[in-house]
>>> print(open('structure-v4.pdb').read())   # PDB, C-alpha atoms
ATOM      1  CA  MET P  19      55.271  75.216  51.050
ATOM      2  CA  ALA P  20      55.422  74.073  54.625
ATOM      3  CA  ASP P  21      55.879  70.340  54.170
ATOM      4  CA  SER P  22      58.603  68.901  56.293
ATOM      5  CA  GLU P  23      59.323  65.259  55.981
ATOM      6  CA  ALA P  24      60.594  63.764  59.191
ATOM      7  CA  GLU P  25      62.661  60.675  59.610
ATOM      8  CA  GLY P  26      61.112  57.275  59.661
ATOM      9  CA  ALA P  27      57.853  55.608  58.866
ATOM     10  CA  ARG P  28      55.173  54.060  60.973
ATOM     11  CA  ALA P  29      56.331  50.733  62.373
ATOM     12  CA  ASN P  30      53.794  48.585  60.620
ATOM     13  CA  GLY P  31      55.835  47.001  57.904
ATOM     14  CA  LEU P  32      55.090  49.726  55.365
ATOM     15  CA  ALA P  33      58.029  51.889  54.488
ATOM     16  CA  ALA P  34      56.366  54.177  51.976
ATOM     17  CA  TRP P  35      54.548  56.503  54.318
ATOM     18  CA  PRO P  36      56.773  59.373  55.411
ATOM     19  CA  THR P  37      55.652  61.060  58.588
ATOM     20  CA  VAL P  38      54.927  64.585  57.481
ATOM     21  CA  THR P  39      54.105  67.581  59.592
ATOM     22  CA  TRP P  40      51.304  69.599  58.038
ATOM     23  CA  GLY P  41      51.830  73.280  57.557
ATOM     24  CA  ALA P  42      49.756  75.769  59.468
ATOM     25  CA  CYS P  43      46.716  77.669  58.219
ATOM     26  CA  GLY P  44      46.369  80.983  59.980
ATOM     27  CA  ILE P  45      43.418  83.296  59.639
ATOM     28  CA  PHE P  46      45.259  85.439  57.123
ATOM     29  CA  ASP P  47      46.841  82.618  55.141
ATOM     30  CA  GLU P  48      45.722  82.377  51.549
ATOM     31  CA  ASN P  49      43.327  79.653  50.432
ATOM     32  CA  LEU P  50      45.921  78.219  48.081
ATOM     33  CA  LYS P  51      48.683  77.869  50.651
ATOM     34  CA  ILE P  52      49.794  74.236  50.480
ATOM     35  CA  ILE P  53      49.978  72.518  53.833
ATOM     36  CA  ARG P  54      50.605  68.999  52.543
ATOM     37  CA  ALA P  55      51.541  67.752  49.088
ATOM     38  CA  PHE P  56      50.475  64.145  48.665
ATOM     39  CA  LYS P  57      52.643  62.510  46.041
ATOM     40  CA  GLY P  58      51.948  59.369  44.065
ATOM     41  CA  ARG P  59      48.189  59.666  43.710
ATOM     42  CA  SER P  60      46.923  56.724  41.685
ATOM     43  CA  GLN P  61      45.718  57.342  38.163
ATOM     44  CA  ALA P  62      42.213  56.433  37.129
ATOM     45  CA  HIS P  63      40.166  56.234  33.955
ATOM     46  CA  ILE P  64      36.458  55.955  34.638
ATOM     47  CA  GLY P  65      33.474  56.957  32.558
ATOM     48  CA  GLY P  66      35.624  58.443  29.847
ATOM     49  CA  ARG P  67      37.413  60.755  32.264
ATOM     50  CA  SER P  68      40.964  60.380  33.481
ATOM     51  CA  ILE P  69      43.070  61.619  36.306
ATOM     52  CA  THR P  70      46.750  61.093  35.754
ATOM     53  CA  TYR P  71      49.290  59.692  38.164
ATOM     54  CA  GLY P  72      50.705  62.547  40.159
ATOM     55  CA  GLY P  73      50.127  64.596  43.239
ATOM     56  CA  SER P  74      47.252  66.205  45.056
ATOM     57  CA  ASN P  75      47.675  69.160  47.339
ATOM     58  CA  LEU P  76      45.850  69.810  50.563
ATOM     59  CA  THR P  77      45.620  73.582  50.762
ATOM     60  CA  CYS P  78      44.150  75.837  53.414
ATOM     61  CA  GLY P  79      41.002  76.246  51.342
ATOM     62  CA  SER P  80      37.858  77.640  52.889
ATOM     63  CA  ASP P  81      34.884  76.539  54.958
ATOM     64  CA  ALA P  82      33.700  74.727  51.830
ATOM     65  CA  TRP P  83      36.831  72.806  50.790
ATOM     66  CA  GLY P  84      40.377  71.920  51.786
ATOM     67  CA  TYR P  85      41.947  71.905  55.215
ATOM     68  CA  ARG P  86      39.664  74.519  56.756
ATOM     69  CA  HIS P  87      36.635  72.557  55.615
ATOM     70  CA  ILE P  88      38.028  69.313  57.034
ATOM     71  CA  VAL P  89      38.637  70.996  60.377
ATOM     72  CA  LYS P  90      35.185  72.558  60.416
ATOM     73  CA  ARG P  91      33.229  69.469  59.412
ATOM     74  CA  HIS P  92      35.311  66.410  60.244
ATOM     75  CA  LEU P  93      37.703  67.265  63.063
ATOM     76  CA  SER P  94      35.809  65.314  65.713
ATOM     77  CA  GLN P  95      35.587  62.263  63.441
ATOM     78  CA  TRP P  96      39.333  62.258  62.842
ATOM     79  CA  GLU P  97      40.020  62.970  66.507
ATOM     80  CA  SER P  98      38.011  59.960  67.639
ATOM     81  CA  ARG P  99      40.050  57.665  65.356
ATOM     82  CA  ALA P 100      43.276  59.310  66.486
ATOM     83  CA  ALA P 101      42.425  58.906  70.159
ATOM     84  CA  ILE P 102      42.133  55.139  69.814
ATOM     85  CA  ALA P 103      45.760  54.936  68.698
ATOM     86  CA  GLN P 104      46.860  57.829  70.903
ATOM     87  CA  GLU P 105      47.871  59.933  67.927
ATOM     88  CA  ASN P 106      47.507  63.511  66.790
ATOM     89  CA  TRP P 107      44.482  63.722  64.467
ATOM     90  CA  ARG P 108      46.597  65.169  61.659
ATOM     91  CA  ASP P 109      48.853  62.101  61.701
ATOM     92  CA  THR P 110      45.849  59.786  61.551
ATOM     93  CA  ALA P 111      44.307  61.789  58.730
ATOM     94  CA  ASP P 112      47.611  62.042  56.885
ATOM     95  CA  TYR P 113      48.103  58.290  57.027
ATOM     96  CA  GLY P 114      44.594  57.578  55.788
ATOM     97  CA  ILE P 115      44.702  60.158  52.997
ATOM     98  CA  HIS P 116      48.138  58.992  51.893
ATOM     99  CA  TRP P 117      47.063  55.374  51.491
ATOM    100  CA  ALA P 118      43.678  56.168  49.992
ATOM    101  CA  LEU P 119      45.347  58.245  47.280
ATOM    102  CA  SER P 120      48.456  56.172  46.612
ATOM    103  CA  ASP P 121      47.054  52.637  46.873
ATOM    104  CA  PRO P 122      43.263  52.825  46.906
ATOM    105  CA  ASP P 123      40.881  49.920  47.240
ATOM    106  CA  LYS P 124      38.312  51.802  45.223
ATOM    107  CA  ILE P 125      38.089  54.877  43.020
ATOM    108  CA  THR P 126      34.818  56.245  41.738
ATOM    109  CA  TYR P 127      34.088  59.137  39.399
ATOM    110  CA  ARG P 128      31.200  61.519  39.989
ATOM    111  CA  ALA P 129      30.534  62.832  36.527
ATOM    112  CA  SER P 130      28.104  65.515  37.653
ATOM    113  CA  ASN P 131      30.731  67.073  39.917
ATOM    114  CA  ASP P 132      33.817  66.107  37.892
ATOM    115  CA  THR P 133      35.447  64.645  40.993
ATOM    116  CA  PHE P 134      37.154  61.390  41.856
ATOM    117  CA  CYS P 135      36.576  59.649  45.188
ATOM    118  CA  TYR P 136      39.413  57.545  46.614
ATOM    119  CA  SER P 137      39.022  55.127  49.540
ATOM    120  CA  ARG P 138      41.078  52.464  51.238
ATOM    121  CA  LYS P 139      40.541  50.114  54.168
ATOM    122  CA  ILE P 140      42.683  50.959  57.186
ATOM    123  CA  LEU P 141      42.963  48.368  59.922
ATOM    124  CA  LEU P 142      43.085  48.869  63.658
ATOM    125  CA  VAL P 143      45.671  46.480  65.067
ATOM    126  CA  ASP P 144      46.168  45.514  68.705
ATOM    127  CA  ASN P 145      49.904  45.923  69.264
ATOM    128  CA  ARG P 146      49.939  43.310  72.046
ATOM    129  CA  THR P 147      48.344  40.515  70.035
ATOM    130  CA  ASN P 148      48.856  41.765  66.452
ATOM    131  CA  GLU P 149      45.193  41.037  65.799
ATOM    132  CA  VAL P 150      42.886  43.264  63.803
ATOM    133  CA  VAL P 151      40.172  44.651  66.056
ATOM    134  CA  GLY P 152      38.554  47.214  63.772
ATOM    135  CA  SER P 153      38.783  49.236  60.596
ATOM    136  CA  TYR P 154      37.601  52.322  58.775
ATOM    137  CA  TYR P 155      37.784  53.794  55.280
ATOM    138  CA  PRO P 156      39.395  57.176  54.682
ATOM    139  CA  MET P 157      37.466  58.783  51.842
ATOM    140  CA  VAL P 158      39.130  61.529  49.805
ATOM    141  CA  SER P 159      37.435  63.672  47.178
ATOM    142  CA  VAL P 160      39.690  65.174  44.491
ATOM    143  CA  ALA P 161      38.720  67.631  41.749
ATOM    144  CA  ARG P 162      39.673  66.190  38.361
ATOM    145  CA  VAL P 163      40.967  69.372  36.740
ATOM    146  CA  SER P 164      42.677  71.144  39.647
ATOM    147  CA  HIS P 165      43.707  67.922  41.449
ATOM    148  CA  ARG P 166      42.921  69.720  44.723
ATOM    149  CA  ILE P 167      41.618  67.826  47.724
ATOM    150  CA  ILE P 168      38.082  68.982  48.416
ATOM    151  CA  THR P 169      37.537  66.942  51.549
ATOM    152  CA  ALA P 170      38.725  63.874  53.449
ATOM    153  CA  TYR P 171      36.886  62.059  56.196
ATOM    154  CA  PRO P 172      36.686  58.674  57.861
ATOM    155  CA  SER P 173      33.823  56.532  56.654
ATOM    156  CA  GLY P 174      32.280  53.174  57.372
ATOM    157  CA  THR P 175      32.064  52.317  53.661
ATOM    158  CA  GLN P 176      34.090  52.561  50.490
ATOM    159  CA  CYS P 177      33.441  55.252  47.889
TER     160      CYS P 177
ATOM    161  CA  MET B  20      24.759  87.400  41.784
ATOM    162  CA  LEU B  21      22.149  84.738  41.493
ATOM    163  CA  ASN B  22      18.863  85.318  39.819
ATOM    164  CA  SER B  23      16.349  83.952  42.318
ATOM    165  CA  ASP B  24      14.074  82.887  39.492
ATOM    166  CA  SER B  25      16.635  80.268  38.537
ATOM    167  CA  THR B  26      17.104  78.871  42.043
ATOM    168  CA  PRO B  27      14.404  76.181  41.754
ATOM    169  CA  ASP B  28      16.189  74.848  38.674
ATOM    170  CA  LEU B  29      19.501  74.892  40.538
ATOM    171  CA  ALA B  30      17.906  72.967  43.395
ATOM    172  CA  ARG B  31      16.562  70.399  40.942
ATOM    173  CA  ASP B  32      20.030  70.129  39.436
ATOM    174  CA  LEU B  33      21.598  69.664  42.878
ATOM    175  CA  ILE B  34      19.177  66.920  43.835
ATOM    176  CA  SER B  35      19.736  65.135  40.535
ATOM    177  CA  ARG B  36      23.474  64.989  41.261
ATOM    178  CA  GLY B  37      22.752  62.803  44.273
ATOM    179  CA  GLY B  38      21.657  59.786  42.255
ATOM    180  CA  LYS B  39      18.526  58.427  40.618
ATOM    181  CA  VAL B  40      15.487  60.505  41.485
ATOM    182  CA  LEU B  41      12.546  58.286  42.385
ATOM    183  CA  ASP B  42       9.209  59.648  41.236
ATOM    184  CA  HIS B  43       9.747  63.413  40.838
ATOM    185  CA  ILE B  44      11.291  66.510  42.406
ATOM    186  CA  ALA B  45       8.655  68.548  44.236
ATOM    187  CA  VAL B  46       9.308  72.283  44.378
ATOM    188  CA  ASN B  47       7.402  74.990  46.244
ATOM    189  CA  ALA B  48       8.216  78.597  47.091
ATOM    190  CA  HIS B  49      10.686  77.601  49.816
ATOM    191  CA  GLU B  50      12.256  74.266  49.042
ATOM    192  CA  ALA B  51      12.774  71.377  46.659
ATOM    193  CA  ARG B  52      12.582  67.784  47.793
ATOM    194  CA  ALA B  53      12.763  64.307  46.329
ATOM    195  CA  LEU B  54      13.539  60.743  47.223
ATOM    196  CA  VAL B  55      16.852  59.706  45.683
ATOM    197  CA  GLN B  56      18.484  56.324  45.191
ATOM    198  CA  VAL B  57      22.080  57.276  45.977
ATOM    199  CA  SER B  58      23.502  53.812  45.374
ATOM    200  CA  SER B  59      22.276  50.407  44.400
ATOM    201  CA  GLU B  60      22.929  49.031  47.883
ATOM    202  CA  ALA B  61      21.542  51.816  50.064
ATOM    203  CA  THR B  62      17.937  52.632  50.853
ATOM    204  CA  PRO B  63      16.675  55.846  49.232
ATOM    205  CA  VAL B  64      17.523  59.150  50.886
ATOM    206  CA  GLU B  65      15.230  62.178  50.951
ATOM    207  CA  PHE B  66      16.914  65.346  49.675
ATOM    208  CA  VAL B  67      15.508  68.639  50.985
ATOM    209  CA  ILE B  68      17.003  71.820  49.562
ATOM    210  CA  ASP B  69      16.040  75.193  51.011
ATOM    211  CA  LEU B  70      16.042  77.589  48.060
ATOM    212  CA  GLN B  71      17.233  80.597  50.035
ATOM    213  CA  GLY B  72      19.903  78.471  51.685
ATOM    214  CA  LEU B  73      21.146  77.223  48.333
ATOM    215  CA  GLU B  74      21.465  80.808  47.107
ATOM    216  CA  ARG B  75      23.397  81.701  50.256
ATOM    217  CA  PHE B  76      25.744  78.780  49.836
ATOM    218  CA  ILE B  77      26.517  79.497  46.192
ATOM    219  CA  GLU B  78      27.109  83.165  46.923
ATOM    220  CA  SER B  79      29.325  82.291  49.900
ATOM    221  CA  VAL B  80      31.726  80.277  47.748
ATOM    222  CA  HIS B  81      31.613  82.636  44.779
ATOM    223  CA  ASP B  82      35.028  84.157  45.449
ATOM    224  CA  ASN B  83      37.065  80.973  45.761
ATOM    225  CA  VAL B  84      35.238  78.092  44.127
ATOM    226  CA  ARG B  85      37.255  78.499  40.934
ATOM    227  CA  ASP B  86      40.346  77.552  42.926
ATOM    228  CA  VAL B  87      38.827  74.053  42.985
ATOM    229  CA  PHE B  88      36.900  74.047  39.712
ATOM    230  CA  PRO B  89      38.751  76.481  37.446
ATOM    231  CA  ASP B  90      37.027  75.346  34.266
ATOM    232  CA  VAL B  91      33.430  76.245  35.171
ATOM    233  CA  ASP B  92      31.552  79.313  36.329
ATOM    234  CA  SER B  93      30.986  80.017  40.005
ATOM    235  CA  ILE B  94      27.378  78.809  40.000
ATOM    236  CA  GLU B  95      28.281  75.431  38.529
ATOM    237  CA  GLY B  96      31.224  75.266  40.934
ATOM    238  CA  GLY B  97      28.958  76.094  43.845
ATOM    239  CA  LEU B  98      26.569  73.333  42.856
ATOM    240  CA  ARG B  99      29.457  70.887  42.675
ATOM    241  CA  LEU B 100      30.647  71.844  46.155
ATOM    242  CA  ALA B 101      27.123  71.644  47.571
ATOM    243  CA  SER B 102      26.743  68.209  46.028
ATOM    244  CA  GLU B 103      30.061  67.064  47.474
ATOM    245  CA  HIS B 104      28.885  68.256  50.893
ATOM    246  CA  LEU B 105      25.697  66.252  50.607
ATOM    247  CA  TRP B 106      27.743  63.188  49.671
ATOM    248  CA  GLU B 107      29.859  63.871  52.758
ATOM    249  CA  GLU B 108      26.776  63.944  54.938
ATOM    250  CA  ILE B 109      25.889  60.483  53.706
ATOM    251  CA  GLY B 110      29.401  59.024  53.660
ATOM    252  CA  SER B 111      30.507  60.189  57.089
ATOM    253  CA  ALA B 112      27.403  59.172  59.031
ATOM    254  CA  GLU B 113      27.690  56.514  61.721
ATOM    255  CA  ALA B 114      24.112  55.377  61.122
ATOM    256  CA  MET B 115      21.805  54.930  58.152
ATOM    257  CA  VAL B 116      20.953  58.277  56.592
ATOM    258  CA  VAL B 117      17.285  58.882  55.816
ATOM    259  CA  ALA B 118      17.460  62.527  54.737
ATOM    260  CA  VAL B 119      20.007  65.200  53.801
ATOM    261  CA  GLY B 120      19.628  68.784  52.802
ATOM    262  CA  VAL B 121      20.674  72.411  52.722
ATOM    263  CA  ASP B 122      19.137  74.582  55.432
ATOM    264  CA  ARG B 123      18.084  78.235  55.354
ATOM    265  CA  GLN B 124      21.611  79.337  56.364
ATOM    266  CA  GLY B 125      23.224  77.411  53.533
ATOM    267  CA  GLN B 126      24.594  74.623  55.728
ATOM    268  CA  THR B 127      24.173  70.958  54.886
ATOM    269  CA  TRP B 128      22.505  68.619  57.370
ATOM    270  CA  ARG B 129      21.481  64.990  57.677
ATOM    271  CA  ARG B 130      18.937  62.934  59.576
ATOM    272  CA  THR B 131      19.768  59.358  60.474
ATOM    273  CA  GLU B 132      18.209  56.338  62.031
ATOM    274  CA  PRO B 133      19.144  55.993  65.710
ATOM    275  CA  ALA B 134      22.892  55.448  65.888
ATOM    276  CA  PRO B 135      24.175  52.106  67.118
ATOM    277  CA  PRO B 136      26.110  52.118  70.396
ATOM    278  CA  PRO B 137      29.749  53.217  70.003
ATOM    279  CA  SER B 138      31.977  50.337  69.032
ATOM    280  CA  ALA B 139      35.318  51.740  70.140
ATOM    281  CA  PRO B 140      37.641  49.061  71.487
ATOM    282  CA  PRO B 141      38.587  49.006  75.166
ATOM    283  CA  ALA B 142      41.559  51.109  76.187
ATOM    284  CA  GLY B 143      44.744  49.497  74.989
ATOM    285  CA  ASP B 144      47.737  49.756  72.718
ATOM    286  CA  TYR B 145      46.617  50.079  69.107
ATOM    287  CA  ARG B 146      47.854  51.308  65.764
ATOM    288  CA  TRP B 147      46.241  52.067  62.418
ATOM    289  CA  ALA B 148      47.731  49.969  59.642
ATOM    290  CA  ALA B 149      47.268  49.859  55.898
ATOM    291  CA  ASP B 150      48.755  46.401  55.502
ATOM    292  CA  ARG B 151      46.660  44.160  53.319
ATOM    293  CA  GLU B 152      48.143  40.934  54.601
ATOM    294  CA  GLY B 153      49.525  39.487  57.754
ATOM    295  CA  PHE B 154      46.561  40.081  60.031
ATOM    296  CA  ASP B 155      43.537  38.054  60.966
ATOM    297  CA  SER B 156      40.353  39.925  60.205
ATOM    298  CA  PRO B 157      37.928  40.332  63.097
TER     299      PRO B 157
END
>>> encode(input="structure-v4.pdb", output="structure tokens")
Amino acid sequence: MADSEAEGARANGLAAWPTVTWGACGIFDENLKIIRAFKGRSQAHIGGRSITYGGSNLTCGSDAWGYRHIVKRHLSQWESRAAIAQENWRDTADYGIHWALSDPDKITYRASNDTFCYSRKILLVDNRTNEVVGSYYPMVSVARVSHRIITAYPSGTQC
Amino acid sequence: MLNSDSTPDLARDLISRGGKVLDHIAVNAHEARALVQVSSEATPVEFVIDLQGLERFIESVHDNVRDVFPDVDSIEGGLRLASEHLWEEIGSAEAMVVAVGVDRQGQTWRRTEPAPPPSAPPAGDYRWAADREGFDSP
């Protein structure tokens, strides 16, 4: 596993988000290589189905799921959010995914796909005035049985 | 490998996963389509599934879909992934989505109403914050 937890947390009053550098996914890396292990995913019990408290891994995956899918389909969306705060897109995505999974505003269960959707409002704060000037909702889809992250993208709505 | 005879049924299944089908699912030799109420708040979305494209998609994920859905066969897993992709098309759009689908190449697509002008804030010093309190909402 390539997780490396660096010192410190984002200076926003929340101490529970460790800045984590995602591992790399090379062309020859296996689909199941873990590039980020998100710990503390909230439990849920919806529609008779449960997902326990625990972790969800972001693995390299393929064009259809996981990190490679996120890069293929949602890179520009994450990059545009990251640019506003002058961040690397992975840091912006990591922050959003972390909070959506660990302290979600909303969790829904898609019975037909056996997946849980986690979302959480993230605020855009002007550092000079400390006023909120915008927001978005990171949306994270997790498979119930494997706990793997299928996709994660910024959205204008909750799950 | 997929039996092409079953593809129309798979397309019907995929559309049904999107929400409440209004009226019925129309199927011809090339595609399946239906108007679907994806949520109680949103206006209905037209789902258009190219049958050949759906076969291509399911076959393209055959080798690794059980990494995500280990408890089902690869066809059911492929349908689940295709459905998740259609949900993504709706959830990640900047404007109201009027149609989504799977094209001949097996890629998902969406059609939206004209997008509103970008609402990015002026250049400045900003941060993303998950705090629930302590800020004035815009």
>>> resolve_selection(input="structure-v4.pdb", expression="the PyMOL selection byres ((chain P) within 7 of (chain B))", output="JSON, numbers by chain")
{"P": [30, 102, 103, 130, 131, 139, 140, 141, 142, 143, 144, 145, 146, 149, 150, 151, 152, 161, 163, 164, 166, 171, 172, 173]}
>>> atom_distance(input="structure-v4.pdb", atom1="CA of Met115 (chain B)", atom2="CA of Val67 (chain B)")
16.7 Å
>>> atom_distance(input="structure-v4.pdb", atom1="CA of Ala111 (chain P)", atom2="CA of Arg129 (chain B)")
23.1 Å
>>> resolve_selection(input="structure-v4.pdb", expression="the PyMOL selection byres ((chain P and resi 60) around 7)", output="PDB file with C-alpha atoms, in the coordinates of the input")
ATOM      1  CA  GLY P  58      51.948  59.369  44.065  1.00  0.00           C
ATOM      2  CA  ARG P  59      48.189  59.666  43.710  1.00  0.00           C
ATOM      3  CA  GLN P  61      45.718  57.342  38.163  1.00  0.00           C
ATOM      4  CA  ALA P  62      42.213  56.433  37.129  1.00  0.00           C
ATOM      5  CA  TYR P  71      49.290  59.692  38.164  1.00  0.00           C
ATOM      6  CA  LEU P 119      45.347  58.245  47.280  1.00  0.00           C
ATOM      7  CA  SER P 120      48.456  56.172  46.612  1.00  0.00           C
ATOM      8  CA  ASP P 121      47.054  52.637  46.873  1.00  0.00           C
TER       9      ASP P 121
END
>>> residues_around(input="structure-v4.pdb", residues="Asp112 (chain P)", least_positions_apart="2", cutoff="9 Å", atoms="all atoms listed in the file", output="ChimeraX atom specification")
/P:37-40,54,56,107-110,114-117
>>> atom_distance(input="structure-v4.pdb", atom1="CA of Arg86 (chain P)", atom2="CA of Leu70 (chain B)")
25.4 Å
>>> closest_residue(input="structure-v4.pdb", among="P:Lys124, P:His87, P:Asp132, P:Tyr155", to="Arg99 (chain P)", atoms="only C-alpha atoms")
P:Tyr155
>>> resolve_selection(input="structure-v4.pdb", expression="the PyMOL selection byres ((chain P and resi 134) around 8)", output="list of chain:residue names")
P:Ile125, P:Thr126, P:Tyr127, P:Arg128, P:Asp132, P:Thr133, P:Cys135, P:Tyr136, P:Ser159, P:Val160, P:Ala161, P:Arg162
>>> residues_around(input="structure-v4.pdb", residues="Val64 (chain B)", least_positions_apart="6", cutoff="8 Å", atoms="all atoms listed in the file", output="VMD selection string")
chain B and resid 54 to 57 116 to 119
>>> closest_residue(input="structure-v4.pdb", among="P:Thr169, P:Ser98, P:Gln104, P:Ser68", to="Tyr154 (chain P)", atoms="only C-alpha atoms")
P:Ser98
>>> axis_aligned_box(input="structure-v4.pdb", around="region 111-125 of chain P", padding_each_side="5 Å", output="lines of an AutoDock Vina configuration file")
center_x = 43.3
center_y = 56.0
center_z = 50.9
size_x = 20.4
size_y = 22.1
size_z = 25.7
>>> closest_residue(input="structure-v4.pdb", among="B:Thr26, B:Ile94, B:Gly125, B:Lys39", to="Ala61 (chain B)", atoms="only C-alpha atoms")
B:Lys39
>>> closest_residue(input="structure-v4.pdb", among="P:Cys78, P:Leu93, P:Ile88, P:Ile64", to="Phe46 (chain P)", atoms="only C-alpha atoms")
P:Cys78
